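As C-alpha cells, the structure follows; a few thoughts come after it.
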Amino acid sequence: MSSPVILLVEDDPALRTLTTRALQENGYLVRPAGNAPEMWAGMEAGPVDLVLLDIMLPGTSGIELCRQIRQTNSVPIIFISAKGSETDRVIGLELGADDYLAKPFGTRELIARVRAVLRRGALEAMPGTREEGELSFDCWTVSLPRRELTSATGGVIELTGAEFDLLVSLLDHPQRVIARDRLVELSRTRLPDSSDRSVDVLISRLRRKLSTAGQPAPIITVRGVGYMLNVPVTRR
Amino acid sequence: MRRYAWPTVGLIGRIFAILLLTVVIEFGASTLLYERASQFAVRGDEARRLAEHLVIARALVTQGAAADRPTIAVGLTTDRYAVGWSPDFRPLPRIAPTLDEMRLQVLAWEPGLAASDLRLRLASPGRNARVVGTMSLGDGSWLQFSTLHPVDGLNLSSERIALALVPALALLALGGLLLGQTLRPMRRLAEAADEFGTGLYHAPVEESGPSEIRRVITAFNRMQGRIDRLMGDQTQALAAVGHDLRTPLARLRLRADAIDSDALRDSITEEIGEMDAMIASLLAYLGGDADPETPRRVDIADMAASLADAAADAGRDVTYDGPDHLELDIRASSIRRAIGNLVDNAIQYGSAVVVRVEEEADSITIAVEDDGPGVPDDALERVTEPFVRLDPSRPRDTPGFGLGLAIVRRAARNEGGRLVLTNRASGGFRAAIVLPRG
C-alpha cells in the first residue's frame with residue numbers, strides 16, 4: 001500500500017514548511033500549496049487522499065474552496081483555523097469538512113487527526129456508513145451531519161466526539177449486542193481525546209444523557225460480552 | 001443637521017407657555033370667584049337693618065350743618081355699624097369684590113336709596129368678611145359705612161377657602177405635569193447615558209421633546225455612534241491581531257516538537273498553550289459584543305454535567321449535583337464558555353469543586369462552588385471588571401488576562417441574567433449564573 005497523498009493548503013510559508021515536514025516524517029506524501037490556484041493545480045497533479053485546508057487564505061477563503069471542492073469531489077477535508085470559535089467549526093463541518101484543527105496544533109494532534117480521518121474515510125468507502133441523515137430512537141433524534149443529539153422537546157444534548165461516535169456505533173446495530181472490544185476498536189478512529197476514556201465511562205455518561213424522567217436509558221449491559229441498544233432505530 | 005421633523009418650541013418657550021397658562025387659569029378662576037362674590041346674599045333681616053340704618057343716617061346727616069356732620073356721623077356709629085362722613089368721594093378698596101346681590105336686597109327694602117348711588121363691597125374676604133360701602137348725599141358729600149361684625153352668609157367659610165384653593169392646587173398639579181412631560185426626554189437621555197458602556201447593545205435615544213433637548217439627544221446619539229464605531233474598530237484590530245498571533249504560535253508549537261529534551265519541549269509546549277488560552281479569552285471577550293450566536297434550545301443540566309465530567313477527566317475533583325435534564329433557550333457556546341470559566345477559576349483556587357444546577361420558579365441557577373479562600377467582600381464587585389487581578393503581589397500566578405469573570409458576566413447579561421458572587425458561609429467561593437426562565 002502506497003503512502004497517502006495529502007494536499008496542504010496554507011498561506012504562511014514557514015508554517016507550510018513545518019507542517020509539510022511533520023507530515024513527511026510520519027510517512028505521508030505532501031503536496032504543499034500557498035493559495036487557491038496552487039491548490040487546484042495540486043488536485044490535478046494526481047489522486048489526493050486528504051486535503052488540509054487553512055480557512056483564512058488570501059483571496060478565496062478556505063470555506064469557499066471547501067464548497068467548490070465538495071461540488072465535484074468527496075475527498076476528506078480537514079480545516080485548519082486560527083478562529084477557535086464554535087460557529088466556524090460548525091460551518092466547516094456542515095460544508096462537508098471531515099474534521100477541524102485549531103491553530104496552534106502540535107505534531108501529535110495533527111497526525112492523530114489525519115490518521116483518524118483517513119481511517120474513517122476508508123470505513124465510509126464501504127456502503128451504508130455514509131454520515132448523512134437522521135436517526136430516531138426512543139424519544140431522541142441524532143443528526144449525523146451536525147453531530148447532534150436532540151430530545152423530544154427540541155433541546156440539544158451536547159456530546160463529546162467520543163460519546164457521539166459510541167452512540168452512532170450502537171445505533172448502527174440496534175437490538176444487537178456489540179462486543180466491548182469492537183466498541184473500543186471503533187472508538188479508536190477518533191483521536192486523541194477519546195483514546196484515554198474507557199468505553200465503560202462513556203457508556204455511563206451516555207446513559208445519564210439518554211435518561212428520561214423515571215426511565216433508564218435504552219442501553220443495556222450484556223455481562224461479559226458488551227452493550228446493546230434495546231429499542232428500534234428509524235433512519236431518515 | 002438642525003432640521004427636525006417639525007418645528008418645536010424651545011425649553012424656555014415651553015416653560016413660558018406653562019407659566020402663561022397657569023396665570024391665565026388663575027386669573028380666570030379668581031374672576032369667577034369674585035363674580036360669585038357679587039352673587040353673595042345675606043339674610044333678609046341683615047339687609048333690612050342696614051337699609052334702615054342707612055336711611056336714618058342719610059336723613060340725619062343731610063339735616064346737619066357741614067361742620068357738624070362728622071360728629072353726627074360718629075354719633076350714628078353703633079356696635080353694629082361704623083359710619084363716617086366726608087365732603088368728597090372716597091373710593092372703596094379697589095380689589096374688594098362688589099356685592100351686587102346684597103345691594104339689590106338693600107334697595108328692595110328702601111328703594112329710596114337707589115337715588116343715592118349706593119355702593120357695596122366685600123372687604124377682606126376671608127374669615128372676617130365685612131361689608132364696606134359708600135353713599136352719595138346729593139350735595140357732593142359722601143357717607144361711608146362699614147359693618148363692624150362679620151356678616152352672616154358673607155364669611156368665606158372653609159368651604160369657600162377650599163373653593164379658592166382648588167384652582168391653585170389644580171394649577172400646581174397641571175404645571176408639574178406639563179413640566180414633567182417637557183423634561184421626560186431628558187430623563188430618557190439620562191437613563192441611556194447610564195446604560196451606555198454596560199456591554200449591552202444600546203439603541204439610539206428617540207429624538208423628541210423641546211429643541212434644546214433634541215439637540216442634546218442628537219449629540220448624544222452621534223457621540224454614542226462614534227464611540228461604538230471606535231470600539232468596533234479597535235475590537236476588530238485586536239481580534240485580527242489575536243488570530244494572526246496563532247500562526248506564529250503554530251510554527252513555534254511545531255518547532256518545539258523537534259526539541260530533543262523532553263522537559264524543555266514540554267515546558268515550551270505548556271507556555272504555548274497558556275498563550276493560546278490568553279488569546280482565546282481575549283477573543284471571547286472582544287467577540288462578546290458582536291456575538292452572532294443565536295439562542296437555541298439546549299439541555300443546560302447536561303451541559304453543566306459534561307463540563308464537570310471534562311474537568312474530572314483532567315484529574316480534578318469536580319462533581320455535578322442537579323437534575324439530569326433541564327432545557328433552556330440560550331446562546332449555547334457562550335454559556336458553555338462561561339460555565340467553563342467558572343469551573344477553571346474554582347479549580348485554580350480550590351481543591352474540591354461542585355457544579356450545581358438549581359431550578360427556581362422563575363429562574364435557573366448554575367452555580368460553581370469551591371473550597372478555596374474566597375474573595376474579600378469588598379472586592380466581590382471588582383473581580384468582574386475586565387483585566388482585574390485581585391492579588392497584585394502575585395500577578396503571574398494565574399493564567400490569562402483576568403477576563404474570565406468579565407466574560408461570564410457578559411454571557412449572563414446577554415441572556416437577561418446575572419452573575420452572583422458570594423463567599424460561602426461554610427468557607428469557599430460560590431459563583432452563580434442566574435438565568436431567567438423561558
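If you're wondering about the labels, chains in the C-alpha cells are A, B, ... by order shown, residues count from 1 in each chain, ligands from 1 in order shown.
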Chain A contacts to chain B at 6 Å (only C-alpha atoms) as a PyMOL selection string: chain A and resi 15+82+103-106+155-157
Mind the document's chain letters and residue numbers, and return as a ChimeraX atom specification the residues of segment 182-410 of chain B that DSSP labels strand (DSSP E or B). /B:296-299,317-321,327-330,352-359,363-369
Which of B:Arg418, B:Glu212, B:Ala192, B:Pro97 sits closest to Leu32 of chain B [using only C-alpha atoms]: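 Once distances to Leu32 of chain B are computed over only C-alpha atoms, the minimum belongs to B:Pro97.
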Would you kindly return, as a ChimeraX atom specification, each protein, DNA or RNA residue with an atom no farther than 12 Å from any atom of segment 166-176 of chain B, considering only C-alpha atoms and excluding same-chain residues fewer than 4 positions away? /B:14-33,158-162,180-184
Store the residues of this selection in a file with C-alpha atoms, as a compact mmCIF listing (two decimals), in the first residue's frame.
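See result-v8.txt below for the written result:
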```
# COMPACT_ATOMS: atom_id res chain seq x y z
CA ARG B 14 -42.41 75.84 26.85
CA ILE B 15 -41.82 76.91 30.41
CA PHE B 16 -43.10 80.37 29.46
CA ALA B 17 -46.18 78.81 27.92
CA ILE B 18 -46.77 76.76 31.03
CA LEU B 19 -46.48 79.86 33.22
CA LEU B 20 -48.77 81.78 30.91
CA LEU B 21 -51.31 79.02 31.04
CA THR B 22 -51.25 78.89 34.85
CA VAL B 23 -51.58 82.65 35.08
CA VAL B 24 -54.48 82.69 32.67
CA ILE B 25 -56.23 79.93 34.54
CA GLU B 26 -55.57 81.58 37.91
CA PHE B 27 -56.91 84.82 36.52
CA GLY B 28 -59.99 83.12 35.22
CA ALA B 29 -60.55 81.30 38.47
CA SER B 30 -60.21 84.45 40.55
CA THR B 31 -62.54 86.34 38.25
CA LEU B 32 -65.04 83.59 38.64
CA LEU B 33 -64.64 83.71 42.42
CA SER B 158 -63.70 76.88 54.93
CA GLU B 159 -65.80 75.74 52.04
CA ARG B 160 -65.04 78.91 50.16
CA ILE B 161 -61.38 78.78 51.06
CA ALA B 162 -61.28 75.25 49.73
CA GLY B 180 -42.55 66.64 33.77
CA GLN B 181 -43.80 65.97 30.25
CA THR B 182 -41.43 68.56 28.87
CA LEU B 183 -38.46 67.11 30.72
CA ARG B 184 -39.26 63.44 30.09
```
Skipping near chain neighbours, those fewer than 2 positions away, what residues fall within 10 Å of Cys139 of chain A using only C-alpha atoms, listed as an MDAnalysis selection string? chainID A and resid 136:137 141 150:153 210 212
Using only C-alpha atoms, which residue out of A:Leu183, A:Leu101, A:Leu53, A:Val142 lies closest to Met228 of chain A?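 Closest to Met228 of chain A, using only C-alpha atoms: A:Leu183.
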Residue list (helix (DSSP H, G or I), DSSP) for segment 72-226 of chain A, as a PyMOL selection string: chain A and resi 72+86-94+107-124+161-172+180-187+199-210
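Distance check against Thr294 of chain B using only C-alpha atoms: of B:Thr218, B:Ala108, B:Arg331, B:Leu264, the minimum falls on B:Arg331.
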What does the distance between atom CA of Pro87 of chain B and atom CA of Gly140 of chain B come to in Å, to one decimal place?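 Those two atoms sit 6.7 Å apart.
The interatomic distance for the pair atom CA of Gly62 of chain A and atom CA of Phe79 of chain A works out to 7.9 Å.
In this model, the gap between atom CA of Tyr349 of chain B and atom CA of Arg413 of chain B comes to 24.8 Å.
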Show me, as a ChimeraX atom specification, the residues that have an atom within 10 Å of Asp54 of chain A when counting only C-alpha atoms, minus same-chain residues fewer than 4 positions from it. /A:8-12,34-35,61-63,65,78-82,100-103
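The neighbours of Pro210 of chain B here are the residues that come within 12 Å of it, using only C-alpha atoms and leaving out any residue fewer than 2 positions away in the same chain; they are B:Tyr4, B:Trp6, B:Pro7, B:Thr8, B:Val9, B:Gly10, B:Leu11, B:Ile12, B:Gly13, B:Arg14, B:Ile15, B:Leu179, B:Gln181, B:Thr182, B:Leu183, B:Arg184, B:Pro185, B:Met186, B:Glu207, B:Ser208, B:Glu212, B:Ile213, B:Arg214, B:Arg215, B:Val216, B:Ile217.
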Serialized selection, N, CA and C atoms, as a compact mmCIF listing (two decimals), in the first residue's frame:
```txt
# COMPACT_ATOMS: atom_id res chain seq x y z
N TYR B 4 -35.48 69.27 11.83
CA TYR B 4 -36.24 68.30 12.59
C TYR B 4 -37.53 68.01 11.87
N TRP B 6 -40.58 68.37 12.78
CA TRP B 6 -41.50 69.51 12.80
C TRP B 6 -40.89 70.57 13.71
N PRO B 7 -41.25 71.86 13.46
CA PRO B 7 -40.65 72.89 14.30
C PRO B 7 -41.10 72.72 15.74
N THR B 8 -40.21 72.92 16.66
CA THR B 8 -40.58 72.73 18.05
C THR B 8 -40.32 74.01 18.83
N VAL B 9 -41.07 74.16 19.90
CA VAL B 9 -40.89 75.30 20.78
C VAL B 9 -39.75 74.97 21.73
N GLY B 10 -38.94 75.98 22.02
CA GLY B 10 -37.79 75.74 22.88
C GLY B 10 -38.20 75.51 24.32
N LEU B 11 -37.20 75.10 25.10
CA LEU B 11 -37.43 74.81 26.51
C LEU B 11 -37.98 76.05 27.22
N ILE B 12 -37.33 77.20 26.95
CA ILE B 12 -37.76 78.44 27.60
C ILE B 12 -39.18 78.77 27.16
N GLY B 13 -39.42 78.60 25.87
CA GLY B 13 -40.75 78.86 25.33
C GLY B 13 -41.80 78.01 26.03
N ARG B 14 -41.44 76.74 26.22
CA ARG B 14 -42.41 75.84 26.85
C ARG B 14 -42.70 76.24 28.28
N ILE B 15 -41.62 76.53 29.01
CA ILE B 15 -41.82 76.91 30.41
C ILE B 15 -42.65 78.20 30.46
N LEU B 179 -44.48 70.27 33.13
CA LEU B 179 -43.02 70.36 33.21
C LEU B 179 -42.40 68.98 33.12
N GLN B 181 -43.67 66.39 31.65
CA GLN B 181 -43.80 65.97 30.25
C GLN B 181 -42.68 66.57 29.41
N THR B 182 -42.44 67.85 29.64
CA THR B 182 -41.43 68.56 28.87
C THR B 182 -40.05 67.97 29.12
N LEU B 183 -39.81 67.56 30.37
CA LEU B 183 -38.46 67.11 30.72
C LEU B 183 -38.29 65.61 30.59
N ARG B 184 -39.37 64.89 30.17
CA ARG B 184 -39.26 63.44 30.09
C ARG B 184 -38.14 62.97 29.15
N PRO B 185 -37.99 63.57 27.95
CA PRO B 185 -36.88 63.14 27.09
C PRO B 185 -35.53 63.27 27.78
N MET B 186 -35.44 64.25 28.67
CA MET B 186 -34.20 64.45 29.42
C MET B 186 -33.93 63.24 30.30
N GLU B 207 -35.42 60.84 19.37
CA GLU B 207 -35.28 62.30 19.41
C GLU B 207 -36.65 62.93 19.53
N SER B 208 -36.97 63.42 20.72
CA SER B 208 -38.26 64.08 20.91
C SER B 208 -38.07 65.15 21.97
N GLU B 212 -34.02 72.27 22.43
CA GLU B 212 -32.73 72.19 23.13
C GLU B 212 -32.43 70.74 23.50
N ILE B 213 -33.45 70.06 24.03
CA ILE B 213 -33.25 68.67 24.45
C ILE B 213 -33.00 67.80 23.23
N ARG B 214 -33.71 68.08 22.13
CA ARG B 214 -33.47 67.34 20.89
C ARG B 214 -32.03 67.45 20.46
N ARG B 215 -31.52 68.64 20.57
CA ARG B 215 -30.13 68.83 20.15
C ARG B 215 -29.19 68.03 21.02
N VAL B 216 -29.48 68.02 22.33
CA VAL B 216 -28.63 67.24 23.24
C VAL B 216 -28.72 65.76 22.88
N ILE B 217 -29.96 65.29 22.61
CA ILE B 217 -30.14 63.87 22.29
C ILE B 217 -29.42 63.52 20.99
```
